[in-house]
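So the structure is just underneath, and the comments pick up after that.
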Amino acid sequence: MGMNEVRIDKWMWATRIFKTRSIAADACKKGRVMINGVSVKPSRMIKVDDVIQVRKPPVTFSFKVLALTENRMGAKLVPQFMENVTTPDQYEILEMNRISGFVNRAKGLGRPTKKDRRDLEQFTGSDFYEAEDDFNFDFDFDSDDSDE
């Protein structure tokens, strides 16, 4: 094919790092895509053997460019075009997030579900609803003390 350079946003979309090209371009604009530690624009041309860092919080993935393409491909063909060189410590961060079970709910996305409440109670070890039974106040509404 004779291609020696390709736009980074096209390549990341073609190799399935991002679902759409516009999402890939947005990631570049937001400074989440770097080559050699330098943020790049979506129009930046990449070459074979470049190492691209993509920050998808909380992890920074690293990919080595093995071949260039502008056409989206099936997932089975991706290893021919890039090599995942992400360090193991990044995968540990990902695993710790998965194990912790903490769901980072964005503000305004509604109330926690019953499952969220049960998980929180199990995590904190407190049963608030059982503690409510301790509040026994005796009010004597029938007394005629107000007549005095």
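How things are named: the first chain in the structure tokens is A, the next is B, and so on; residues count from 1 in each chain; ligands count from 1 in the order shown.
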For Met82 of chain A, please output as an mmCIF file with N, CA, C and O atoms, in the first residue's frame all residues within 8 Å (counting only C-alpha atoms; exclusion window: fewer than 2 positions along the same chain).
```
data_model
loop_
_atom_site.group_PDB
_atom_site.id
_atom_site.type_symbol
_atom_site.label_atom_id
_atom_site.label_comp_id
_atom_site.auth_asym_id
_atom_site.auth_seq_id
_atom_site.Cartn_x
_atom_site.Cartn_y
_atom_site.Cartn_z
ATOM 1 N N THR A 15 -7.882 0.809 14.699
ATOM 2 C CA THR A 15 -7.381 -0.307 15.506
ATOM 3 C C THR A 15 -8.245 -0.561 16.744
ATOM 4 O O THR A 15 -7.829 -1.277 17.645
ATOM 5 N N PHE A 63 0.546 1.700 23.488
ATOM 6 C CA PHE A 63 0.492 0.847 22.302
ATOM 7 C C PHE A 63 1.650 1.184 21.377
ATOM 8 O O PHE A 63 1.931 2.353 21.135
ATOM 9 N N LYS A 64 2.294 0.143 20.850
ATOM 10 C CA LYS A 64 3.363 0.335 19.869
ATOM 11 C C LYS A 64 2.776 0.099 18.481
ATOM 12 O O LYS A 64 2.108 -0.914 18.243
ATOM 13 N N VAL A 65 3.028 1.037 17.576
ATOM 14 C CA VAL A 65 2.495 0.951 16.217
ATOM 15 C C VAL A 65 3.339 -0.048 15.420
ATOM 16 O O VAL A 65 4.538 0.154 15.226
ATOM 17 N N LEU A 66 2.713 -1.125 14.948
ATOM 18 C CA LEU A 66 3.411 -2.128 14.136
ATOM 19 C C LEU A 66 3.173 -1.910 12.651
ATOM 20 O O LEU A 66 4.026 -2.228 11.825
ATOM 21 N N ALA A 67 1.991 -1.401 12.304
ATOM 22 C CA ALA A 67 1.650 -1.135 10.906
ATOM 23 C C ALA A 67 0.618 -0.024 10.873
ATOM 24 O O ALA A 67 -0.014 0.262 11.870
ATOM 25 N N VAL A 78 -6.398 -6.802 14.698
ATOM 26 C CA VAL A 78 -5.746 -5.705 15.421
ATOM 27 C C VAL A 78 -4.302 -6.025 15.828
ATOM 28 O O VAL A 78 -3.427 -5.167 15.692
ATOM 29 N N PRO A 79 -3.978 -7.242 16.330
ATOM 30 C CA PRO A 79 -2.597 -7.509 16.741
ATOM 31 C C PRO A 79 -1.550 -7.344 15.631
ATOM 32 O O PRO A 79 -0.365 -7.168 15.919
ATOM 33 N N GLN A 80 -1.958 -7.375 14.372
ATOM 34 C CA GLN A 80 -1.019 -7.160 13.266
ATOM 35 C C GLN A 80 -0.622 -5.690 13.152
ATOM 36 O O GLN A 80 0.410 -5.365 12.559
ATOM 37 N N ASN A 84 0.274 -4.141 22.436
ATOM 38 C CA ASN A 84 -0.056 -3.527 23.718
ATOM 39 C C ASN A 84 1.179 -3.616 24.620
ATOM 40 O O ASN A 84 1.595 -4.697 25.006
#
```
**OP:** Could you please write out, as an MDAnalysis selection string, every residue of segment 10-70 of chain A that DSSP assigns to helix (DSSP H, G or I)?
**Re:** chainID A and resid 10:14 21:29
Residues from the last selection, all heavy atoms, saved as an mmCIF file, in the first residue's frame:
```cif
data_model
loop_
_atom_site.group_PDB
_atom_site.id
_atom_site.type_symbol
_atom_site.label_atom_id
_atom_site.label_comp_id
_atom_site.auth_asym_id
_atom_site.auth_seq_id
_atom_site.Cartn_x
_atom_site.Cartn_y
_atom_site.Cartn_z
ATOM 1 N N LYS A 10 -7.426 8.655 13.100
ATOM 2 C CA LYS A 10 -7.887 7.597 12.183
ATOM 3 C C LYS A 10 -7.329 6.245 12.597
ATOM 4 O O LYS A 10 -8.030 5.234 12.583
ATOM 5 C CB LYS A 10 -7.433 7.897 10.746
ATOM 6 C CG LYS A 10 -8.310 8.856 10.009
ATOM 7 C CD LYS A 10 -7.887 8.920 8.554
ATOM 8 C CE LYS A 10 -8.750 9.904 7.789
ATOM 9 N NZ LYS A 10 -8.385 9.949 6.376
ATOM 10 N N TRP A 11 -6.048 6.218 12.965
ATOM 11 C CA TRP A 11 -5.399 4.960 13.331
ATOM 12 C C TRP A 11 -6.004 4.383 14.612
ATOM 13 O O TRP A 11 -6.253 3.181 14.694
ATOM 14 C CB TRP A 11 -3.889 5.174 13.492
ATOM 15 C CG TRP A 11 -3.143 3.895 13.739
ATOM 16 C CD1 TRP A 11 -2.710 3.013 12.807
ATOM 17 C CD2 TRP A 11 -2.767 3.363 15.012
ATOM 18 N NE1 TRP A 11 -2.086 1.957 13.423
ATOM 19 C CE2 TRP A 11 -2.109 2.152 14.774
ATOM 20 C CE3 TRP A 11 -2.927 3.788 16.322
ATOM 21 C CZ2 TRP A 11 -1.603 1.358 15.796
ATOM 22 C CZ3 TRP A 11 -2.433 3.004 17.344
ATOM 23 C CH2 TRP A 11 -1.770 1.796 17.083
ATOM 24 N N MET A 12 -6.261 5.248 15.602
ATOM 25 C CA MET A 12 -6.832 4.749 16.866
ATOM 26 C C MET A 12 -8.250 4.225 16.662
ATOM 27 O O MET A 12 -8.654 3.252 17.300
ATOM 28 C CB MET A 12 -6.807 5.851 17.943
ATOM 29 C CG MET A 12 -5.410 6.151 18.434
ATOM 30 S SD MET A 12 -5.355 7.223 19.889
ATOM 31 C CE MET A 12 -6.260 8.647 19.328
ATOM 32 N N TRP A 13 -9.006 4.858 15.761
ATOM 33 C CA TRP A 13 -10.338 4.364 15.443
ATOM 34 C C TRP A 13 -10.228 3.041 14.680
ATOM 35 O O TRP A 13 -10.935 2.075 14.987
ATOM 36 C CB TRP A 13 -11.098 5.413 14.613
ATOM 37 C CG TRP A 13 -12.312 4.868 13.944
ATOM 38 C CD1 TRP A 13 -13.506 4.569 14.527
ATOM 39 C CD2 TRP A 13 -12.438 4.540 12.558
ATOM 40 N NE1 TRP A 13 -14.378 4.080 13.587
ATOM 41 C CE2 TRP A 13 -13.750 4.048 12.372
ATOM 42 C CE3 TRP A 13 -11.584 4.620 11.457
ATOM 43 C CZ2 TRP A 13 -14.213 3.636 11.122
ATOM 44 C CZ3 TRP A 13 -12.053 4.208 10.225
ATOM 45 C CH2 TRP A 13 -13.350 3.724 10.070
ATOM 46 N N ALA A 14 -9.333 2.982 13.712
ATOM 47 C CA ALA A 14 -9.190 1.789 12.871
ATOM 48 C C ALA A 14 -8.732 0.577 13.686
ATOM 49 O O ALA A 14 -9.158 -0.548 13.417
ATOM 50 C CB ALA A 14 -8.209 2.062 11.739
ATOM 51 N N ARG A 21 -14.357 7.728 15.425
ATOM 52 C CA ARG A 21 -13.240 8.624 15.141
ATOM 53 C C ARG A 21 -13.404 9.946 15.894
ATOM 54 O O ARG A 21 -12.430 10.543 16.326
ATOM 55 C CB ARG A 21 -13.141 8.862 13.631
ATOM 56 C CG ARG A 21 -11.912 9.658 13.282
ATOM 57 C CD ARG A 21 -11.691 9.684 11.793
ATOM 58 N NE ARG A 21 -10.839 10.820 11.470
ATOM 59 C CZ ARG A 21 -10.789 11.387 10.297
ATOM 60 N NH1 ARG A 21 -11.528 10.930 9.316
ATOM 61 N NH2 ARG A 21 -10.001 12.405 10.084
ATOM 62 N N SER A 22 -14.642 10.396 16.051
ATOM 63 C CA SER A 22 -14.856 11.661 16.767
ATOM 64 C C SER A 22 -14.483 11.525 18.245
ATOM 65 O O SER A 22 -13.950 12.467 18.834
ATOM 66 C CB SER A 22 -16.289 12.137 16.610
ATOM 67 O OG SER A 22 -17.187 11.198 17.129
ATOM 68 N N ILE A 23 -14.710 10.361 18.843
ATOM 69 C CA ILE A 23 -14.296 10.143 20.231
ATOM 70 C C ILE A 23 -12.767 10.148 20.311
ATOM 71 O O ILE A 23 -12.182 10.715 21.237
ATOM 72 C CB ILE A 23 -14.863 8.820 20.784
ATOM 73 C CG1 ILE A 23 -16.388 8.898 20.877
ATOM 74 C CG2 ILE A 23 -14.265 8.502 22.153
ATOM 75 C CD1 ILE A 23 -17.056 7.578 21.230
ATOM 76 N N ALA A 24 -12.105 9.560 19.313
ATOM 77 C CA ALA A 24 -10.639 9.560 19.264
ATOM 78 C C ALA A 24 -10.113 10.985 19.137
ATOM 79 O O ALA A 24 -9.150 11.371 19.807
ATOM 80 C CB ALA A 24 -10.148 8.697 18.106
ATOM 81 N N ALA A 25 -10.751 11.789 18.287
ATOM 82 C CA ALA A 25 -10.330 13.176 18.104
ATOM 83 C C ALA A 25 -10.551 13.979 19.389
ATOM 84 O O ALA A 25 -9.698 14.793 19.777
ATOM 85 C CB ALA A 25 -11.088 13.804 16.939
ATOM 86 N N ASP A 26 -11.678 13.762 20.059
ATOM 87 C CA ASP A 26 -11.953 14.454 21.322
ATOM 88 C C ASP A 26 -10.915 14.111 22.378
ATOM 89 O O ASP A 26 -10.489 14.975 23.146
ATOM 90 C CB ASP A 26 -13.349 14.106 21.841
ATOM 91 C CG ASP A 26 -14.454 14.786 21.049
ATOM 92 O OD1 ASP A 26 -14.147 15.754 20.318
ATOM 93 O OD2 ASP A 26 -15.614 14.353 21.165
ATOM 94 N N ALA A 27 -10.520 12.832 22.433
ATOM 95 C CA ALA A 27 -9.497 12.420 23.404
ATOM 96 C C ALA A 27 -8.187 13.156 23.142
ATOM 97 O O ALA A 27 -7.511 13.575 24.078
ATOM 98 C CB ALA A 27 -9.297 10.908 23.347
ATOM 99 N N CYS A 28 -7.853 13.325 21.877
ATOM 100 C CA CYS A 28 -6.635 14.076 21.528
ATOM 101 C C CYS A 28 -6.764 15.530 21.967
ATOM 102 O O CYS A 28 -5.838 16.095 22.561
ATOM 103 C CB CYS A 28 -6.369 14.017 20.024
ATOM 104 S SG CYS A 28 -5.898 12.391 19.417
ATOM 105 N N LYS A 29 -7.911 16.129 21.694
ATOM 106 C CA LYS A 29 -8.126 17.537 22.041
ATOM 107 C C LYS A 29 -8.082 17.764 23.548
ATOM 108 O O LYS A 29 -7.670 18.822 24.005
ATOM 109 C CB LYS A 29 -9.469 18.025 21.494
ATOM 110 C CG LYS A 29 -9.485 18.152 19.990
ATOM 111 C CD LYS A 29 -10.873 18.505 19.479
ATOM 112 C CE LYS A 29 -10.933 18.414 17.963
ATOM 113 N NZ LYS A 29 -12.317 18.533 17.480
#
```
**OP:** Have a look at atom CA of Asn71 of chain A and atom CA of Lys19 of chain A and let me know their distance in Å, one decimal.
**Re:**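 Spanning atom CA of Asn71 of chain A to atom CA of Lys19 of chain A is a straight-line distance of 13.1 Å.
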**OP:** Quick one: pick out all strand (DSSP E or B) residues within segment 47-126 of chain A from a backbone DSSP run and write them as a PyMOL selection string.
**Re:** chain A and resi 51-56+59-65+82-84
Output file for the selection above: N, CA and C atoms, as an mmCIF file, in the first residue's frame:
```cif
data_model
loop_
_atom_site.group_PDB
_atom_site.id
_atom_site.type_symbol
_atom_site.label_atom_id
_atom_site.label_comp_id
_atom_site.auth_asym_id
_atom_site.auth_seq_id
_atom_site.Cartn_x
_atom_site.Cartn_y
_atom_site.Cartn_z
ATOM 1 N N VAL A 51 5.268 4.935 19.919
ATOM 2 C CA VAL A 51 4.566 4.420 21.081
ATOM 3 C C VAL A 51 3.558 5.472 21.516
ATOM 4 N N ILE A 52 2.298 5.062 21.553
ATOM 5 C CA ILE A 52 1.201 5.979 21.857
ATOM 6 C C ILE A 52 0.657 5.648 23.242
ATOM 7 N N GLN A 53 0.526 6.692 24.088
ATOM 8 C CA GLN A 53 -0.084 6.514 25.408
ATOM 9 C C GLN A 53 -1.491 7.101 25.352
ATOM 10 N N VAL A 54 -2.464 6.304 25.776
ATOM 11 C CA VAL A 54 -3.860 6.741 25.800
ATOM 12 C C VAL A 54 -4.332 6.666 27.244
ATOM 13 N N ARG A 55 -4.748 7.817 27.792
ATOM 14 C CA ARG A 55 -5.210 7.875 29.179
ATOM 15 C C ARG A 55 -6.725 7.716 29.199
ATOM 16 N N LYS A 56 -7.159 6.574 29.723
ATOM 17 C CA LYS A 56 -8.578 6.323 29.969
ATOM 18 C C LYS A 56 -8.673 6.108 31.477
ATOM 19 N N VAL A 59 -6.472 4.511 34.145
ATOM 20 C CA VAL A 59 -5.321 3.804 33.576
ATOM 21 C C VAL A 59 -4.789 4.516 32.337
ATOM 22 N N THR A 60 -3.461 4.438 32.135
ATOM 23 C CA THR A 60 -2.846 4.924 30.907
ATOM 24 C C THR A 60 -2.358 3.709 30.120
ATOM 25 N N PHE A 61 -2.984 3.469 28.975
ATOM 26 C CA PHE A 61 -2.597 2.349 28.118
ATOM 27 C C PHE A 61 -1.503 2.803 27.160
ATOM 28 N N SER A 62 -0.603 1.884 26.816
ATOM 29 C CA SER A 62 0.472 2.187 25.860
ATOM 30 C C SER A 62 0.419 1.183 24.710
ATOM 31 N N PHE A 63 0.546 1.700 23.488
ATOM 32 C CA PHE A 63 0.492 0.847 22.302
ATOM 33 C C PHE A 63 1.650 1.184 21.377
ATOM 34 N N LYS A 64 2.294 0.143 20.850
ATOM 35 C CA LYS A 64 3.363 0.335 19.869
ATOM 36 C C LYS A 64 2.776 0.099 18.481
ATOM 37 N N VAL A 65 3.028 1.037 17.576
ATOM 38 C CA VAL A 65 2.495 0.951 16.217
ATOM 39 C C VAL A 65 3.339 -0.048 15.420
ATOM 40 N N MET A 82 -0.883 -3.293 15.977
ATOM 41 C CA MET A 82 -0.369 -2.679 17.198
ATOM 42 C C MET A 82 -0.027 -3.737 18.224
ATOM 43 N N GLU A 83 0.880 -3.350 19.131
ATOM 44 C CA GLU A 83 1.265 -4.220 20.235
ATOM 45 C C GLU A 83 0.961 -3.478 21.526
ATOM 46 N N ASN A 84 0.274 -4.141 22.436
ATOM 47 C CA ASN A 84 -0.056 -3.527 23.718
ATOM 48 C C ASN A 84 1.179 -3.616 24.620
#
```
